[in-house]
Each structure stands twice: as structure tokens, then as C-alpha cells.
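Data block below; observations after.
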Amino acid sequence: MTTRLLLFANVLAALLVGAAAASAQTASGTIRSFEEHCATCHRNPGVARAVGAEQAPDIDALRKLSPDTVYTAITMNPTPAHAQAVVDASDIVKRGYAEFVGGRKIGSIPAGDPKAMPNQCAANAKLTDPSAGAAWNGWGPDATNARFQSAKAAGVTAAQVPNLKLKWAFGLPNAASMYGQPTVAGGRVFFGADTGYVYALDAKSGCLAWGFQAAAGVRNAVSVGPVKGHAGSAYAAYFGDLRGNVYALDAATGKALWIVSVDPHPLAAVTGSPILHKGRLYVPLASREEAAGGGPDYPCCTFRGSVVTLDANTGAQIWKTFIIDQEPKPTRKNSRGVQLYAPSGAGIWDTPTIDDARGALYIGTGDAYSRPVSAVTTDAVMALDLATGKPRWAVQHTPDDAWLVGCETNNPSENCPANIGPDWDFGASSIMRTLSDGRTIVISGQKSGEVFAQDVRDGKVIWKATLVDKLARGEITFGGAADDQKAYFGTRSGAVWALDLKTGEKKWMAPVAPIPQRQAGQTAALTVIPGVVFSGGSDGVLRAFAAADGKQVWEFDTIRDFTTTNNVAAKGGAMGAPGPTIAGGMMFVGSGYTGLGNGRGGNVLLAFGADESRSTK
């Protein structure tokens, strides 16, 4: 162990005392705890260290280490003065810090190595043309983000849904939370994991084509499309990670074609899915600063959400638009002498919606992190010019919303915004639909529990629907879906709703009865095929509802152990984020999302198909 790393071990071990084990069990809790207990010595670049810790590596240096190395540094060879601190610190806390710093789960590389898996695809299992067959390519099957799959592309009819059966399961080695939505293209299924691995499987059999280890966890959907300028590579798989890196891999082999960092902020993350359109990759940028900012030793806050456009062939940046156009400036210092900044926030958690006819893209934005909240682009729906990134219009739906994780307590830190906001981000992608009268609208669900329909030309609100009478944080989180008549949204309160596209009238509401001792809520993104709406529940149950009246027609409880194609022990858990993807007669969904309310974890990808022996005419 180097002298610098040993110093890291000693100082961090001492600072672990007092960290709450419970808060380290969630990603946001871990980040906040790290900033409170460790950042005094391991500060962001350019920020003075605590006395005696001047040589401690900063956060950028730590991020170059694997989580295994960091964990070893925390737990091995402490000095006698710090030995008791190591004993007292919970292993959950130490693992949480190591995995936050290292960007992925401890033990991920050896456990997830694709070469060690027994279900390798045969040499003749080739990638086919992604544009030729049925596909669900990216967050949605098309750029409207309506999450509607046609009958032809779905290959599953409403009559067959009651007969859906599990065909195969794939276990993600060492994964704790299943949050990557599967993409179906070229006869393969592509998806990422919190371990940093991205895998490509054969859609029919579940055999493993390849695996790739990214620098950090991958929670967005992969987009697959043509790539030029790379000998022997015809198609690329594009995605981002939780460190703000974006990747292009050969979709056939998993070989890296290019990797770029799209934001220098140490807590920048790509959580929304980049969308590929006509040779350009549009990347939304969010940040985990919302979790770190409340720590009294953190210089809150300097991140601004943005959309970055890259050349899909090279990764070169074409344009970058910050959602808050004013750069953060010093405001005041807290009692510890830490400089605070504003404005900040407005992360983009959702996938941009592409309007090729008008040359525009639409996004929903997040809340502010610090006051004063001067920008009118937080908690807003916006339109940007597709070619230049220049804003066309912005409509703010909740003004003055400044919020940080951990600030809703009786004893908030000085960093916490005064008059804490309601945290009413737009985390769900806007849905674009053209009405029968020729008007085109974008429909956006907000965490407030409200849904807005806006004219794409100027953002004018056409209708608003309130789905929950008592507005609560996080009611609509990861998104709805729409066919040509209705829009559908799930709520954290535990229901699925159908709204008339023209008027916002509530056509039906399907309540989901809570299962004892399980988390309630329907926060995962919905998926629609003709006649049927699918919703994954935080209780771990995947359900299907009739689009006409909301009657439940099928369900599958994923909270169980599964036999997997790769012989990895796997279990299901909460389904609170990505929705199912349907193409070519198969439905794919991950189970085990822990992100909301400390949900039940899991590590399994499930593949369903119709049971032909019971199919109806």
C-alpha cells in the first residue's frame, strides 16, 4: 500500500465514527454521509484540506481507484490510534463509501467477468441489422417517448397477454439494484448494471454475446445504431455512466470505439438515457450533488444540468446547453468557512424527446439546489433547437423549488436551502403526440402528481390533470406512456391512471391493493401495446391492465429466486424505475430497484413470451 493510500485509510477510518449505517444503505444517504464525514480531508480539487490532511488524495484521485482498493484501505492496516474507529464503523458504511468512491459494487470485475459464464453464445449467433427487425431501441421504441409498441413490432397481442410465461432469466453477478432498462435490437438484448457491466444477450435464448466493464454503474437504456469510421464495426451501442462518461461500443463484439467525459463536475452523472438520432447522440446530464450538497463541509452547489450533443461516430461535442445559463457565483460562507454558491441544479433526469419535423427536442428539468433560485428553467418543460441547442421556450411549473437530500429534518445543516422546496422535478420523459385536430402536444408528468399537456410550438398549457388530491413528492417519477387516444401514468400512491389525450379527462383509475410487508407504489415507467398497459410495481409485481377500462388481465410476482441461463444466483425485488420492453414476441424487464424508499433489491433480467399451448384465437 502506498504512503498516500495508507494516509487515506487512516484519516478515513477516524472520520467514519458517527456515520449512520442506515443512511449508507441508499445511494443518496451514502453520498451525504461521505461529504459529512470524509470530505474534510478528501475535498474536491482546489479546496483546502483539513489541518494534518494536506496530502490526503482528493476525490478525483480516489475515483481512479477501484472500490476494492478503497475498501481495503479503509479496513486494513489502521494505525493504533485509529484501530478502535475501524472496529466501531459498520461494514455497511465502509462498503458504501468504497462503492461511492469507486463507482461500482465491490467485487464487480471478477464476479461479472463474461468469460467465466457458462452460457456463451455459439459463434454463428450474429448481430443482425438493428433497423431491419422488431426492436425497442433505447428508452422507447421511437423518439416520441410514448413507450408505445405497435402490434406488428410487439409480436404479442392483447389476447395473448394472459398467457405470458417466463421463458428465461439472467442473473447479474454481484449486482444489488437492477436499474438498467433492456434494449432490444438486432436480435439481442442490451442492458447495464450497478456493477458497471453492460451485457448483450441473445433475445430468444438468453445466451451471452459479450460483456463490457464501464468505469461506473450504468442505469440508462442503451441505444444501438450505425457507426462510421471504425474498421469492421457497422453498429454501435451507446450509453452513459454515473460518472458522466459516455461510451460507444461495437454492438456485435462489445469492443470500445470511443469513450468521452461530457462534464467535468465530480458528481455529474448520466441517468436519463441518451437518444440517438441521425448520427447525433443527445445526452442528458444530471448530478448526485443533490445528495451531497446538504453536507456542511461541501461547497454547495456548483452543478448545472445540461444537454450535450455528440457526433455518434467520434464522440466529438457538437453543442452543450446549460439549463441554467448563469454560472454559479459565491454567495456566503457557512460557520465552518465553506464557500457556498448559486444558482445551481436543474439536472436532466429524463430522456430527451425528439421532434424531427420541427427541429426541436423537449426535456423536463429538475429542481434547484441552492438559493436564490433565479432561473425560470428549474422544474420546467423546455424546448431546445435540435441543431444548435438554443432554447426555444421554457415553462416553469413550480417556481422557487430549492431542495437537497437530508434537509427535511428538524436540524438541517447550514447548507440546506431556507424554506425547503417540495422537490417537484420532472424525472419522466415528455411524451409527444399528435391529436386528431392536427395539434402536436407534449405530455409531462411531474413528481407533484400533476400531468401537463403543452403545445410544442410555444409551450402553452393546453390542459392539466391532478392525479393525487394531496400533492406529495415523487408521485409521478419515471414516466407514463400513451397510445393514440389516452395517456397512462402510475403514481407512488398506488394506482394506474388513464387520461384523455385531448382534454386530460380522467377516463379510469386502477388502484393496486398493497401487499402486506411490501412497498407500495407504481413509480416505474409504463409500457403500452394495443389494448394493454404494463406497470411494474414497487411491490415486485408486474401487472397488465386493459387499456379500455383498467381491468387487470395478468400479473407476475418477481419476488422469488430464479434459475438463470448463466447459473448466477438471482432474485427479484422492487420494480420502481425502468419499464418492460416488448419486441418480436418477447417482453423483457429487470427486477430489483432499490432507489425509492430503500426498496427491495434484486439482480435479475426476466424474459417472457406467450404460451402457444394456451393461446386464444
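Chain labels A, B, ... are given in the sequence in which chains occur in the C-alpha cells; within each chain residues are numbered consecutively from 1, and ligands are likewise numbered from 1 in the order shown.
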
Got a sec to tell me which of stretch 167-288 of chain A DSSP assigns to strand (DSSP E), as a PyMOL selection string?
-> chain A and resi 167-171+183-185+188-192+197-202+208-213+223-226+235-240+245-250+256-261+268-269+275-277+280-287

Find the spatial neighbours of A:Asp142, counting only C-alpha atoms, within a cut-off of 12 Å - ignore same-chain residues fewer than 3 positions away - and output them as an mmCIF file with N, CA and C atoms, in the first residue's frame.
data_model
loop_
_atom_site.group_PDB
_atom_site.id
_atom_site.type_symbol
_atom_site.label_atom_id
_atom_site.label_comp_id
_atom_site.auth_asym_id
_atom_site.auth_seq_id
_atom_site.Cartn_x
_atom_site.Cartn_y
_atom_site.Cartn_z
ATOM 1 N N SER A 131 -32.022 -2.148 -37.647
ATOM 2 C CA SER A 131 -33.141 -1.428 -38.238
ATOM 3 C C SER A 131 -34.080 -2.334 -39.017
ATOM 4 N N ALA A 134 -37.938 -6.312 -35.519
ATOM 5 C CA ALA A 134 -38.639 -5.688 -34.411
ATOM 6 C C ALA A 134 -37.625 -5.242 -33.358
ATOM 7 N N ALA A 135 -37.852 -4.055 -32.774
ATOM 8 C CA ALA A 135 -36.888 -3.514 -31.821
ATOM 9 C C ALA A 135 -37.582 -2.633 -30.795
ATOM 10 N N TRP A 136 -36.951 -2.516 -29.651
ATOM 11 C CA TRP A 136 -37.234 -1.473 -28.661
ATOM 12 C C TRP A 136 -35.879 -0.877 -28.369
ATOM 13 N N ASN A 137 -35.562 0.204 -29.073
ATOM 14 C CA ASN A 137 -34.189 0.702 -29.131
ATOM 15 C C ASN A 137 -34.041 1.973 -28.303
ATOM 16 N N GLY A 138 -33.543 1.832 -27.065
ATOM 17 C CA GLY A 138 -33.407 2.970 -26.183
ATOM 18 C C GLY A 138 -34.534 3.030 -25.178
ATOM 19 N N TRP A 139 -34.776 4.243 -24.638
ATOM 20 C CA TRP A 139 -35.812 4.385 -23.614
ATOM 21 C C TRP A 139 -37.188 4.032 -24.160
ATOM 22 N N ASN A 145 -40.986 9.073 -27.221
ATOM 23 C CA ASN A 145 -41.006 8.656 -25.820
ATOM 24 C C ASN A 145 -42.403 8.331 -25.306
ATOM 25 N N ALA A 146 -43.283 7.921 -26.222
ATOM 26 C CA ALA A 146 -44.618 7.490 -25.815
ATOM 27 C C ALA A 146 -44.617 6.082 -25.231
ATOM 28 N N ARG A 147 -43.512 5.360 -25.410
ATOM 29 C CA ARG A 147 -43.398 3.992 -24.888
ATOM 30 C C ARG A 147 -44.554 3.106 -25.382
ATOM 31 N N PHE A 148 -44.948 3.360 -26.642
ATOM 32 C CA PHE A 148 -45.990 2.573 -27.293
ATOM 33 C C PHE A 148 -45.342 1.709 -28.369
ATOM 34 N N GLN A 149 -45.619 0.408 -28.298
ATOM 35 C CA GLN A 149 -45.106 -0.520 -29.292
ATOM 36 C C GLN A 149 -46.262 -1.035 -30.136
ATOM 37 N N SER A 150 -46.129 -0.910 -31.451
ATOM 38 C CA SER A 150 -47.192 -1.343 -32.351
ATOM 39 C C SER A 150 -47.396 -2.849 -32.261
ATOM 40 N N ALA A 153 -44.690 -4.776 -34.273
ATOM 41 C CA ALA A 153 -43.379 -4.817 -33.648
ATOM 42 C C ALA A 153 -43.393 -5.586 -32.334
ATOM 43 N N THR A 183 -32.686 -2.983 -23.794
ATOM 44 C CA THR A 183 -32.904 -2.559 -25.175
ATOM 45 C C THR A 183 -32.924 -3.800 -26.056
ATOM 46 N N SER A 223 -28.716 2.665 -26.585
ATOM 47 C CA SER A 223 -29.222 2.928 -27.940
ATOM 48 C C SER A 223 -28.261 2.311 -28.945
ATOM 49 N N ILE A 275 -30.209 9.592 -26.377
ATOM 50 C CA ILE A 275 -31.029 9.183 -27.515
ATOM 51 C C ILE A 275 -30.264 9.447 -28.810
ATOM 52 N N LEU A 276 -30.273 8.471 -29.690
ATOM 53 C CA LEU A 276 -29.547 8.526 -30.962
ATOM 54 C C LEU A 276 -30.500 8.957 -32.061
ATOM 55 N N HIS A 277 -30.078 9.958 -32.839
ATOM 56 C CA HIS A 277 -30.939 10.457 -33.917
ATOM 57 C C HIS A 277 -30.080 11.036 -35.035
ATOM 58 N N THR A 351 -34.997 11.249 -20.567
ATOM 59 C CA THR A 351 -34.511 11.139 -21.939
ATOM 60 C C THR A 351 -35.132 12.216 -22.824
ATOM 61 N N PRO A 352 -34.337 12.965 -23.587
ATOM 62 C CA PRO A 352 -34.918 13.966 -24.488
ATOM 63 C C PRO A 352 -35.879 13.341 -25.492
ATOM 64 N N THR A 353 -36.899 14.101 -25.830
ATOM 65 C CA THR A 353 -37.885 13.698 -26.834
ATOM 66 C C THR A 353 -37.589 14.463 -28.119
ATOM 67 N N ILE A 354 -37.502 13.753 -29.221
ATOM 68 C CA ILE A 354 -37.073 14.356 -30.488
ATOM 69 C C ILE A 354 -38.274 14.659 -31.381
ATOM 70 N N ASP A 355 -38.348 15.899 -31.844
ATOM 71 C CA ASP A 355 -39.369 16.338 -32.798
ATOM 72 C C ASP A 355 -38.647 16.720 -34.087
ATOM 73 N N ASP A 356 -38.464 15.728 -34.954
ATOM 74 C CA ASP A 356 -37.683 15.948 -36.169
ATOM 75 C C ASP A 356 -38.369 16.934 -37.105
ATOM 76 N N ILE A 431 -43.857 13.084 -23.384
ATOM 77 C CA ILE A 431 -44.439 12.237 -24.420
ATOM 78 C C ILE A 431 -44.989 13.130 -25.526
ATOM 79 N N MET A 432 -44.583 12.907 -26.758
ATOM 80 C CA MET A 432 -45.087 13.705 -27.871
ATOM 81 C C MET A 432 -46.182 12.940 -28.599
ATOM 82 N N ARG A 433 -47.313 13.626 -28.805
ATOM 83 C CA ARG A 433 -48.437 13.017 -29.502
ATOM 84 C C ARG A 433 -49.127 14.058 -30.385
#

Write out as a ChimeraX atom specification each polymer residue whose atoms come within 10 Å of stretch 567-575 of chain A, counting only C-alpha atoms; drop sequence neighbours fewer than 4 positions from it.
-> /A:111-112,117-119,169-179,518-525,535-542,557-563,579-580,589-596,598-606

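The shortest atom-to-atom distance to A:Pro284, with only C-alpha atoms taken into account, belongs to A:Ile363 out of A:Val338, A:Ile363, A:Leu164, A:Ile324.
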
What residues in stretch 138-338 of chain A get the DSSP label helix (DSSP H, G or I)? Please answer as JSON, numbers by chain.
-> {"A": [151, 152, 153, 154, 161, 162, 163, 289, 290, 291, 292]}

Take the residues from that selection and put them in a file with N, CA, C and O atoms, as a PDB file, in the first residue's frame.
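Produced file part.pdb, reproduced below:
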ATOM      1  N   ALA A 151     -48.559  -3.302 -32.726  1.00  0.00           N
ATOM      2  CA  ALA A 151     -48.871  -4.735 -32.678  1.00  0.00           C
ATOM      3  C   ALA A 151     -47.871  -5.543 -33.489  1.00  0.00           C
ATOM      4  O   ALA A 151     -47.428  -6.620 -33.063  1.00  0.00           O
ATOM      5  N   LYS A 152     -47.500  -5.020 -34.647  1.00  0.00           N
ATOM      6  CA  LYS A 152     -46.562  -5.747 -35.503  1.00  0.00           C
ATOM      7  C   LYS A 152     -45.206  -5.883 -34.840  1.00  0.00           C
ATOM      8  O   LYS A 152     -44.607  -6.967 -34.817  1.00  0.00           O
ATOM      9  N   ALA A 153     -44.690  -4.776 -34.273  1.00  0.00           N
ATOM     10  CA  ALA A 153     -43.379  -4.817 -33.648  1.00  0.00           C
ATOM     11  C   ALA A 153     -43.393  -5.586 -32.334  1.00  0.00           C
ATOM     12  O   ALA A 153     -42.431  -6.279 -31.999  1.00  0.00           O
ATOM     13  N   ALA A 154     -44.486  -5.481 -31.604  1.00  0.00           N
ATOM     14  CA  ALA A 154     -44.570  -6.174 -30.315  1.00  0.00           C
ATOM     15  C   ALA A 154     -44.555  -7.688 -30.496  1.00  0.00           C
ATOM     16  O   ALA A 154     -43.889  -8.407 -29.746  1.00  0.00           O
ATOM     17  N   VAL A 161     -51.712 -11.778 -23.860  1.00  0.00           N
ATOM     18  CA  VAL A 161     -51.109 -11.297 -22.617  1.00  0.00           C
ATOM     19  C   VAL A 161     -51.452 -12.175 -21.407  1.00  0.00           C
ATOM     20  O   VAL A 161     -50.569 -12.485 -20.598  1.00  0.00           O
ATOM     21  N   PRO A 162     -52.706 -12.640 -21.246  1.00  0.00           N
ATOM     22  CA  PRO A 162     -52.984 -13.503 -20.094  1.00  0.00           C
ATOM     23  C   PRO A 162     -52.189 -14.808 -20.095  1.00  0.00           C
ATOM     24  O   PRO A 162     -52.103 -15.472 -19.048  1.00  0.00           O
ATOM     25  N   ASN A 163     -51.599 -15.155 -21.215  1.00  0.00           N
ATOM     26  CA  ASN A 163     -50.832 -16.404 -21.312  1.00  0.00           C
ATOM     27  C   ASN A 163     -49.321 -16.180 -21.331  1.00  0.00           C
ATOM     28  O   ASN A 163     -48.576 -17.095 -21.688  1.00  0.00           O
ATOM     29  N   GLU A 289     -24.966  15.731  -6.860  1.00  0.00           N
ATOM     30  CA  GLU A 289     -24.727  16.837  -5.935  1.00  0.00           C
ATOM     31  C   GLU A 289     -25.969  17.118  -5.099  1.00  0.00           C
ATOM     32  O   GLU A 289     -25.871  17.652  -3.992  1.00  0.00           O
ATOM     33  N   GLU A 290     -27.133  16.775  -5.598  1.00  0.00           N
ATOM     34  CA  GLU A 290     -28.368  16.964  -4.841  1.00  0.00           C
ATOM     35  C   GLU A 290     -28.325  16.180  -3.528  1.00  0.00           C
ATOM     36  O   GLU A 290     -28.929  16.575  -2.541  1.00  0.00           O
ATOM     37  N   ALA A 291     -27.592  15.056  -3.536  1.00  0.00           N
ATOM     38  CA  ALA A 291     -27.427  14.264  -2.317  1.00  0.00           C
ATOM     39  C   ALA A 291     -26.280  14.773  -1.465  1.00  0.00           C
ATOM     40  O   ALA A 291     -26.343  14.740  -0.227  1.00  0.00           O
ATOM     41  N   ALA A 292     -25.217  15.257  -2.088  1.00  0.00           N
ATOM     42  CA  ALA A 292     -24.030  15.695  -1.347  1.00  0.00           C
ATOM     43  C   ALA A 292     -24.174  17.092  -0.754  1.00  0.00           C
ATOM     44  O   ALA A 292     -23.570  17.406   0.269  1.00  0.00           O
TER      45      ALA A 292
END

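Close contacts of A:Ala465, defined as residues with an atom at most 7 Å away when counting only C-alpha atoms, with chain neighbours fewer than 4 positions off set aside, comprise Glu450, Val451, Phe452 and Gly504 of chain A.
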
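As for atom CA of A:Trp424 and atom CA of A:Trp463, they are spaced 18.5 Å apart.
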
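Nearest to A:Gly584 of all the residues A:Lys167, A:Lys204, A:Arg219, A:Lys94 is A:Lys204, counting only C-alpha atoms.
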
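For the atom pair formed by atom CA of A:Lys126 and atom CA of A:Ala231, the distance is 17.5 Å, given to one decimal.
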
Do a neighbour search on A:Leu257 at 8 Å with only C-alpha atoms, toss out local chain neighbours closer than 4 positions, and write the hits as a list in words.
-> His230, Tyr247, Ala248, Leu249 and Asp250 of chain A

Hey, what's within 12 Å of A:Lys390 if we count only C-alpha atoms and toss same-chain stuff fewer than 3 positions away? As a PyMOL selection string, please?
-> chain A and resi 306-308+319-323+325+359-362+382-387+393-394

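One finds atom CA of A:Asp379 at 5.6 Å from atom CA of A:Thr398.
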